[in-house]
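Containing CSV, C-alpha atoms: my_file_20.csv.
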chain,number,residue,atom,x,y,z
A,1,MET,CA,0.0,0.0,0.0
A,2,LEU,CA,1.3,3.5,-0.8
A,3,GLU,CA,2.3,5.4,2.3
A,4,TRP,CA,1.6,9.2,2.2
A,5,PRO,CA,3.9,11.4,4.1
A,6,THR,CA,2.4,12.7,7.4
A,7,VAL,CA,2.0,16.4,7.5
A,8,ARG,CA,2.4,17.5,11.1
A,9,VAL,CA,3.2,21.2,11.7
A,10,GLU,CA,5.5,21.9,14.6
A,11,ARG,CA,5.9,25.2,16.5
A,12,LYS,CA,8.8,27.4,15.7
A,13,ASP,CA,9.2,31.2,16.1
A,14,VAL,CA,5.4,31.8,16.2
A,15,PRO,CA,4.2,35.4,16.7
A,16,LYS,CA,2.1,35.9,19.9
A,17,VAL,CA,-1.6,35.5,19.6
A,18,THR,CA,-3.2,38.9,20.3
A,19,ALA,CA,-6.6,38.1,21.7
A,20,ASN,CA,-7.4,36.5,25.1
A,21,SER,CA,-4.9,33.7,25.1
A,22,ARG,CA,-3.3,31.5,27.8
A,23,SER,CA,-0.1,29.4,27.8
A,24,ASP,CA,-0.4,25.7,27.0
A,25,LYS,CA,2.2,23.3,25.6
A,26,SER,CA,-0.5,21.2,24.0
A,27,ALA,CA,-0.9,23.9,21.3
A,28,SER,CA,2.6,23.0,19.9
A,29,SER,CA,1.4,21.0,16.8
A,30,ILE,CA,-1.5,20.5,14.4
A,31,ASP,CA,-2.4,17.0,13.3
A,32,PHE,CA,-4.4,17.0,10.1
A,33,LYS,CA,-5.3,13.3,10.4
A,34,ARG,CA,-7.8,14.2,13.0
A,35,ASN,CA,-11.5,15.1,12.5
A,36,SER,CA,-12.1,18.4,10.7
A,37,PRO,CA,-13.8,20.1,13.8
A,38,VAL,CA,-10.7,19.3,15.9
A,39,VAL,CA,-8.4,20.6,13.2
A,40,ALA,CA,-10.5,23.7,12.7
A,41,ARG,CA,-10.2,24.5,16.4
A,42,GLN,CA,-6.4,23.7,16.4
A,43,LEU,CA,-5.8,26.2,13.6
A,44,ILE,CA,-7.2,29.1,15.5
A,45,GLY,CA,-4.2,31.2,16.6
A,46,ALA,CA,-1.8,29.5,14.1
A,47,THR,CA,0.1,31.7,11.7
A,48,LEU,CA,-0.4,31.2,8.0
A,49,LEU,CA,1.9,32.8,5.4
A,50,LEU,CA,1.8,32.4,1.6
A,51,ASN,CA,5.0,33.7,0.0
A,52,GLY,CA,5.7,35.6,3.2
A,53,VAL,CA,2.3,37.3,3.3
A,54,GLY,CA,-0.3,36.4,5.9
A,55,GLY,CA,-1.2,36.5,9.5
A,56,VAL,CA,-2.8,34.8,12.5
A,57,ILE,CA,-5.8,32.6,11.7
A,58,VAL,CA,-8.8,33.9,13.7
A,59,GLU,CA,-11.7,32.1,12.0
A,60,THR,CA,-12.2,28.6,10.4
A,61,GLU,CA,-15.0,26.3,9.4
A,62,ALA,CA,-15.0,22.5,9.4
A,63,TYR,CA,-16.6,20.3,6.7
A,64,ASP,CA,-17.0,16.5,6.4
A,65,GLU,CA,-18.3,14.1,3.8
A,66,ALA,CA,-21.0,12.9,6.2
A,67,GLU,CA,-22.8,16.3,6.1
A,68,PRO,CA,-24.5,17.8,3.0
A,69,ALA,CA,-22.9,21.3,3.2
A,70,SER,CA,-19.5,19.8,2.4
A,71,HIS,CA,-18.0,19.7,-1.1
A,72,SER,CA,-17.1,16.1,-0.4
A,73,PHE,CA,-20.7,15.0,0.4
A,74,PRO,CA,-21.4,13.7,-3.2
A,75,GLY,CA,-18.3,11.6,-3.1
A,76,PRO,CA,-14.9,12.0,-4.9
A,77,THR,CA,-14.9,14.0,-8.1
A,78,LEU,CA,-12.1,15.7,-10.1
A,79,ARG,CA,-13.0,19.0,-8.5
A,80,ASN,CA,-12.9,17.8,-4.8
A,81,SER,CA,-10.3,15.1,-5.1
A,82,VAL,CA,-7.9,16.9,-2.8
A,83,LEU,CA,-10.4,16.5,0.1
A,84,PHE,CA,-10.1,12.7,-0.3
A,85,GLY,CA,-6.4,12.7,-0.6
A,86,PRO,CA,-3.7,12.9,2.0
A,87,PRO,CA,-4.2,15.3,4.9
A,88,GLY,CA,-2.5,18.7,5.2
A,89,HIS,CA,-2.9,19.8,1.6
A,90,ALA,CA,-4.5,22.9,0.1
A,91,TYR,CA,-7.9,22.6,-1.4
A,92,VAL,CA,-8.7,25.7,-3.5
A,93,TYR,CA,-12.0,26.5,-5.1
A,94,LEU,CA,-13.5,29.5,-6.9
A,95,SER,CA,-16.4,31.0,-5.0
A,96,TYR,CA,-19.3,32.6,-7.1
A,97,GLY,CA,-16.8,32.8,-10.0
A,98,ILE,CA,-14.9,35.6,-8.3
A,99,HIS,CA,-12.7,34.7,-5.3
A,100,TRP,CA,-10.4,31.7,-4.6
A,101,CYS,CA,-11.0,30.2,-1.2
A,102,LEU,CA,-8.4,28.3,0.8
A,103,ASN,CA,-9.1,25.0,2.6
A,104,ILE,CA,-6.9,22.4,4.2
A,105,SER,CA,-7.6,18.6,3.8
A,106,CYS,CA,-8.1,16.5,6.9
A,107,ARG,CA,-8.5,12.8,7.9
A,108,GLU,CA,-7.1,9.7,6.3
A,109,VAL,CA,-6.8,9.1,2.6
A,110,GLY,CA,-10.3,8.2,1.2
A,111,HIS,CA,-12.3,10.2,3.7
A,112,GLY,CA,-13.4,13.6,2.4
A,113,ALA,CA,-12.9,16.4,5.0
A,114,GLY,CA,-11.4,19.8,5.2
A,115,VAL,CA,-11.2,23.1,7.0
A,116,LEU,CA,-12.0,26.5,5.4
A,117,ILE,CA,-9.7,29.3,6.4
A,118,ARG,CA,-12.3,32.2,6.9
A,119,ALA,CA,-10.3,35.0,8.3
A,120,LEU,CA,-6.8,36.2,9.4
A,121,GLU,CA,-5.4,39.0,11.5
A,122,PRO,CA,-2.7,40.4,9.1
A,123,ILE,CA,0.8,40.5,10.5
A,124,SER,CA,3.1,40.2,7.5
A,125,GLY,CA,3.1,41.8,4.0
A,126,ILE,CA,0.3,44.2,5.0
A,127,PRO,CA,1.2,46.8,2.3
A,128,GLU,CA,1.0,44.1,-0.3
A,129,MET,CA,-2.4,42.9,1.0
A,130,MET,CA,-3.7,46.5,0.8
A,131,ARG,CA,-2.5,46.8,-2.8
A,132,ARG,CA,-4.1,43.5,-3.8
A,133,ARG,CA,-7.4,44.3,-2.0
A,134,HIS,CA,-7.6,48.0,-2.8
A,135,GLN,CA,-8.3,48.4,0.9
A,136,THR,CA,-6.6,50.4,3.6
A,137,ASP,CA,-8.6,49.2,6.6
A,138,ILE,CA,-6.5,46.5,8.1
A,139,ARG,CA,-9.5,44.9,9.7
A,140,LYS,CA,-11.1,44.3,6.3
A,141,LEU,CA,-8.1,42.8,4.5
A,142,CYS,CA,-8.7,39.2,5.4
A,143,ALA,CA,-12.2,39.3,7.0
A,144,GLY,CA,-13.8,36.5,5.0
A,145,PRO,CA,-12.6,33.6,2.8
A,146,GLY,CA,-12.9,35.6,-0.5
A,147,GLN,CA,-11.1,38.6,0.9
A,148,LEU,CA,-8.4,36.4,2.4
A,149,GLY,CA,-7.9,34.6,-0.9
A,150,GLN,CA,-7.4,37.9,-2.7
A,151,ALA,CA,-5.1,39.4,0.0
A,152,LEU,CA,-2.8,36.3,-0.1
A,153,ALA,CA,-3.0,35.9,-3.9
A,154,VAL,CA,-4.5,32.4,-3.6
A,155,THR,CA,-5.0,30.8,-7.1
A,156,SER,CA,-5.9,27.3,-8.4
A,157,ALA,CA,-2.2,26.7,-8.8
A,158,LEU,CA,-2.0,26.0,-5.1
A,159,ASN,CA,-4.6,23.2,-5.2
A,160,GLY,CA,-3.1,20.0,-3.9
A,161,LYS,CA,0.0,21.7,-2.4
A,162,ARG,CA,1.3,20.6,1.0
A,163,VAL,CA,0.8,23.4,3.5
A,164,ASP,CA,4.0,22.5,5.4
A,165,LEU,CA,6.1,23.3,2.3
A,166,ARG,CA,6.8,26.5,0.4
A,167,PRO,CA,5.1,28.7,-0.7
A,168,PHE,CA,3.2,28.1,2.5
A,169,ARG,CA,4.4,28.5,6.0
A,170,LEU,CA,2.0,27.3,8.8
A,171,LEU,CA,3.1,27.8,12.4
A,172,PRO,CA,0.9,26.5,15.3
A,173,ALA,CA,0.1,28.9,18.1
A,174,LYS,CA,2.7,29.3,20.8
A,175,VAL,CA,-0.2,29.6,23.3
A,176,ARG,CA,-3.7,28.1,23.4
A,177,PRO,CA,-6.2,30.7,22.4
A,178,ARG,CA,-9.7,31.2,23.8
A,179,VAL,CA,-11.9,29.8,21.0
A,180,VAL,CA,-15.6,30.5,20.4
A,181,ARG,CA,-17.9,28.4,18.1
A,182,GLY,CA,-21.1,28.8,16.2
A,183,ALA,CA,-23.0,27.9,13.1
A,184,ARG,CA,-21.3,28.1,9.7
A,185,ILE,CA,-21.9,31.0,7.4
A,186,GLY,CA,-23.5,31.0,3.9
A,187,ILE,CA,-24.9,27.5,3.9
A,188,SER,CA,-28.4,26.2,3.6
A,189,LYS,CA,-27.8,22.6,4.8
A,190,ALA,CA,-26.5,21.1,8.1
A,191,MET,CA,-27.0,24.5,9.7
A,192,GLU,CA,-27.4,22.9,13.1
A,193,LEU,CA,-23.7,22.0,13.3
A,194,LYS,CA,-21.6,24.4,15.3
A,195,TRP,CA,-18.5,24.0,13.2
A,196,ARG,CA,-17.4,27.6,12.8
A,197,PHE,CA,-14.6,28.5,15.2
A,198,GLY,CA,-13.1,31.9,16.0
A,199,LEU,CA,-10.6,33.6,18.2
A,200,SER,CA,-12.5,35.2,21.1
A,201,GLY,CA,-12.3,39.0,21.2
A,202,SER,CA,-10.7,39.3,17.7
A,203,ALA,CA,-11.5,42.4,15.7
A,204,PHE,CA,-10.6,40.6,12.4
A,205,LEU,CA,-13.5,38.1,12.2
A,206,SER,CA,-15.7,38.0,9.0
A,207,ARG,CA,-18.8,38.2,11.3
A,208,PRO,CA,-19.3,38.4,15.1
A,209,PHE,CA,-20.2,35.2,16.9
A,210,ARG,CA,-23.6,35.3,18.6
Kindly return the structure encoded in the file as structure tokens.
Amino acid sequence: MLEWPTVRVERKDVPKVTANSRSDKSASSIDFKRNSPVVARQLIGATLLLNGVGGVIVETEAYDEAEPASHSFPGPTLRNSVLFGPPGHAYVYLSYGIHWCLNISCREVGHGAGVLIRALEPISGIPEMMRRRHQTDIRKLCAGPGQLGQALAVTSALNGKRVDLRPFRLLPAKVRPRVVRGARIGISKAMELKWRFGLSGSAFLSRPFR
């Protein structure tokens, strides 16, 4: 049987999380082989960079093949194949024909699951983000998956790339952040699942948690 490399991101020189965090050594790694809600929570407070541009992840959403809001729900297709492949790879799709959205695959090969990166707190390459977004308000640069994709220059060329290798850099939080959760945004199915996660007190969310 073909053995896929395990993508396990280790902590190294991680910027401090800025909203309501507390020390915890258990925040030292992210294991993408786990269930998507677990990974979505682990990613809060992590630092994501693409070609040196990015920031602290403050909002995520989990998706799984067992629920109808997920792209993997119909089963493997050419479009969603990354979600069924090895964990820790970028799944990129075009939203409403306008913006590229960045997700990361989870679980074992053959199980379709992933985490949507919804919002970042910008910390690196901010002038470049402002240029790409035609936006000067730092709070609006990456406040939503489409805005984030534009600010980081996400394209389909990244689909299937490992997030622990260049051009990505993903650094887990040095401290365990306070995380809030709620219903996912912009879906009409499986709305009862509280699979949206956010950094408590962050001013960089796409929408407030209620």
Q: Could you check how far atom CA of A:Pro74 sits from atom CA of A:His111, in Å to one decimal?
A: 11.9 Å
Q. Nearest to A:Lys174: which of A:Ala62, A:Leu199, A:Ala46, A:Met130 is it, counting all atoms listed in the file?
A.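 Using all atoms listed in the file, A:Lys174 sits closest to A:Ala46.
Checking A:Cys101, A:Leu158, A:Ile138, A:Ile185 one by one against A:Ile126, counting all atoms listed in the file, you find the shortest gap at A:Ile138.
Taking all atoms listed in the file into account, A:Ala40 lies nearest to A:Ile57 out of the set A:Ile57, A:Ala90, A:Ala151, A:Ile98.
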(Q) Under the rule that all atoms listed in the file are counted, which of A:Gly114, A:Lys33, A:Val38, A:Ser95 is the nearest residue to A:Glu65? (A)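 Selected residue with least distance to A:Glu65: A:Gly114.
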**Q.** atom CA of A:Pro76 to atom CA of A:Gln147, straight-line distance in Å
**A.**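 Computing it gives 27.5 Å between the two atoms.
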Q: For atom CA of A:Thr155 and atom CA of A:Leu50, determine how far apart the two atoms are, in Å to one decimal place.
A: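 These atoms are spaced 11.2 Å apart.
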(Q) My list of candidates is A:Ser81, A:Ser70, A:Thr60, A:Asn103. Which is closest to A:Leu205 when distances are computed with only C-alpha atoms? (A) A:Thr60
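Residues in contact range of A:Gly160, defined as at most 10 Å between all atoms listed in the file, with sequence neighbours fewer than 4 positions away removed, read A:Ser81, A:Val82, A:Leu83, A:Gly85, A:Pro86, A:Gly88, A:His89, A:Ala90, A:Tyr91, A:Val92, A:Ile104, A:Ser105, A:Ser156.
Proximity ranking of A:Thr77, A:Pro167, A:Trp195, A:Glu128 relative to A:Tyr63 places A:Trp195 first, based on all atoms listed in the file.
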**Q.** Residues near A:Asn51, cut-off 12 Å, all atoms listed in the file, skip fewer than 6 positions along chain, as number ranges by chain
**A.** A: 124-125, 128-129, 151-154, 158, 163, 165-170
Q: Name all residues at most 7 Å from A:Val180 (count only C-alpha atoms; drop same-chain ones fewer than 2 positions away) and give them as number ranges by chain.
A: A: 178, 197-200
